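Data block below; observations after.
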Amino acid sequence: MTPAEDRARPITGLILSGGGARAAYQVGVLAAIADLLGETADNPFPVIVGTSAGAINAVGLACGALHFSTAVQRLTQVWQGFHCGDVYRSDWPGVLHQASRFLGHSLLGLGKQQPVALLDSAPLGELLARELDFSGIAAAVRARQLRAVAVTAFGYESGQAVTFYQGRATIDPWFRHRRVGVPTRLDLNHLQASAAIPLVFPPVKINREYFGDGAVRQPAPISPALHLGASRVLVVGVSGNPLGKGVHQEVVRPRSGLPPTLAQISGHMLNSTFIDSLESDIELLERLNHMSRLVPSGLHPRGLGLKPVEVLVIAPSQPLDQIAARHRHELPKAMRFFLRGPGATRASGAGVLSYLLFEPGYCNELIELGFQDAMAQKEFLLRFLSAEPAPDDLAAAFVPSTR
């Protein structure tokens, strides 16, 4: 392939959204893609962007980008063997110690100089240190198997969504309202910061500021991939039916008339943090796509500052909170006791469980669901990844170049 042909090829970006244990679904989708492309296939995603637990999957993929199929296999093995204790302290001493620290910090103002949260995520740092070789990112960039990988975290003091990226030197930083892109050499701190769910996991200090989960106040989750050069994106979501297609929306009427439990409220807040922004961004792309069809071909993309971006979305075909409810017995005893009061161990509180249930039964069912959902879109995936022109029923969105 000549340099001119290489420049003319579309740059495919992969966007992995956040969602705690829900990110196991993404691994199933990646496993299906690896199967479809074959063991010797090159990395199909020159741009990889992740947020929260999706950031861990994104960096895991980037670290092994020189051997895409092997990297996916390794991610799958890790998620298949997950237990809550691999992510946060779920034993009785760990849970009680962290709960007492949280109460002392929140009610009595003790230990204000140390970040605190409901759960101790130290085991996650130890796991990532064992499993990830960050030198693989630079090697993949040098071999031109990777253009850039990025993770997004939220700065508690600045109020900005900061996308930390590592990639080619030709990529310029960007500055938008409350969202910026900063070139850096990614490490464990960036991953733990991006995955630090507010109040659940403690924030992480990077340079002079504490950062938390990147899904907080991230109005345009697809934007970082475009800034990094992607001209088409595959979005792997963690909510069911993000575009509202193919499902009859019924009016939901309250049944019990009882006040919502703390777990129910927390579940809706987590969904708002991790899901709503991505769904809104996809909806915006659809609207811009519709508008582009009304514009005479001679006027776009340059005439209106529009840049065409194809978008393919894969999201769970089943509600993940219902799957979590079926597996709630897998939660460690200490965590069941800890979450019983807020109502998270009831079916109505399964929204919270779906983010915290890092156990084999739940994670493996999500992996299988992701695999099957991706295979259900086999034709679209193969066409998309082969860089063929998009058919009419594949979302071809037009995105303002200022995103």
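Labeling convention for the structure tokens: chains A, B, ... as they appear, residues from 1 per chain, ligands from 1 in order of appearance.
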Mind checking which residues fall within 12 Å of A:Val204, counting only C-alpha atoms, ignoring those fewer than 3 positions away in the same chain, and posting them as an NGL selection string?
:A and (114-117 or 121-122 or 125 or 153-156 or 188-198 or 201 or 207-214)
Mind pulling up the distance from atom CA of A:Ala139 to atom CA of A:Ile15?
21.4 Å
May I ask which of the residues A:His227, A:His177, A:His83, A:Arg130 is the closest one to A:Ala148, counting only C-alpha atoms?
A:His227
Just list as a PyMOL selection string whatever in stretch 36-195 of chain A DSSP marks as helix (DSSP H, G or I).
chain A and resi 36-37+53-63+65-80+84-86+92-107+122-131+135-142+188-194
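In terms of minimum interatomic distance to A:Arg185, A:Ile137 ranks closest within A:Ala220, A:Ile137, A:Leu103, A:Leu382, counting only C-alpha atoms.
The smallest atom-to-atom distance between A:Gly54 and any of A:Ala215, A:Gln73, A:Ile171, A:Leu226, using only C-alpha atoms, is found for A:Ala215.
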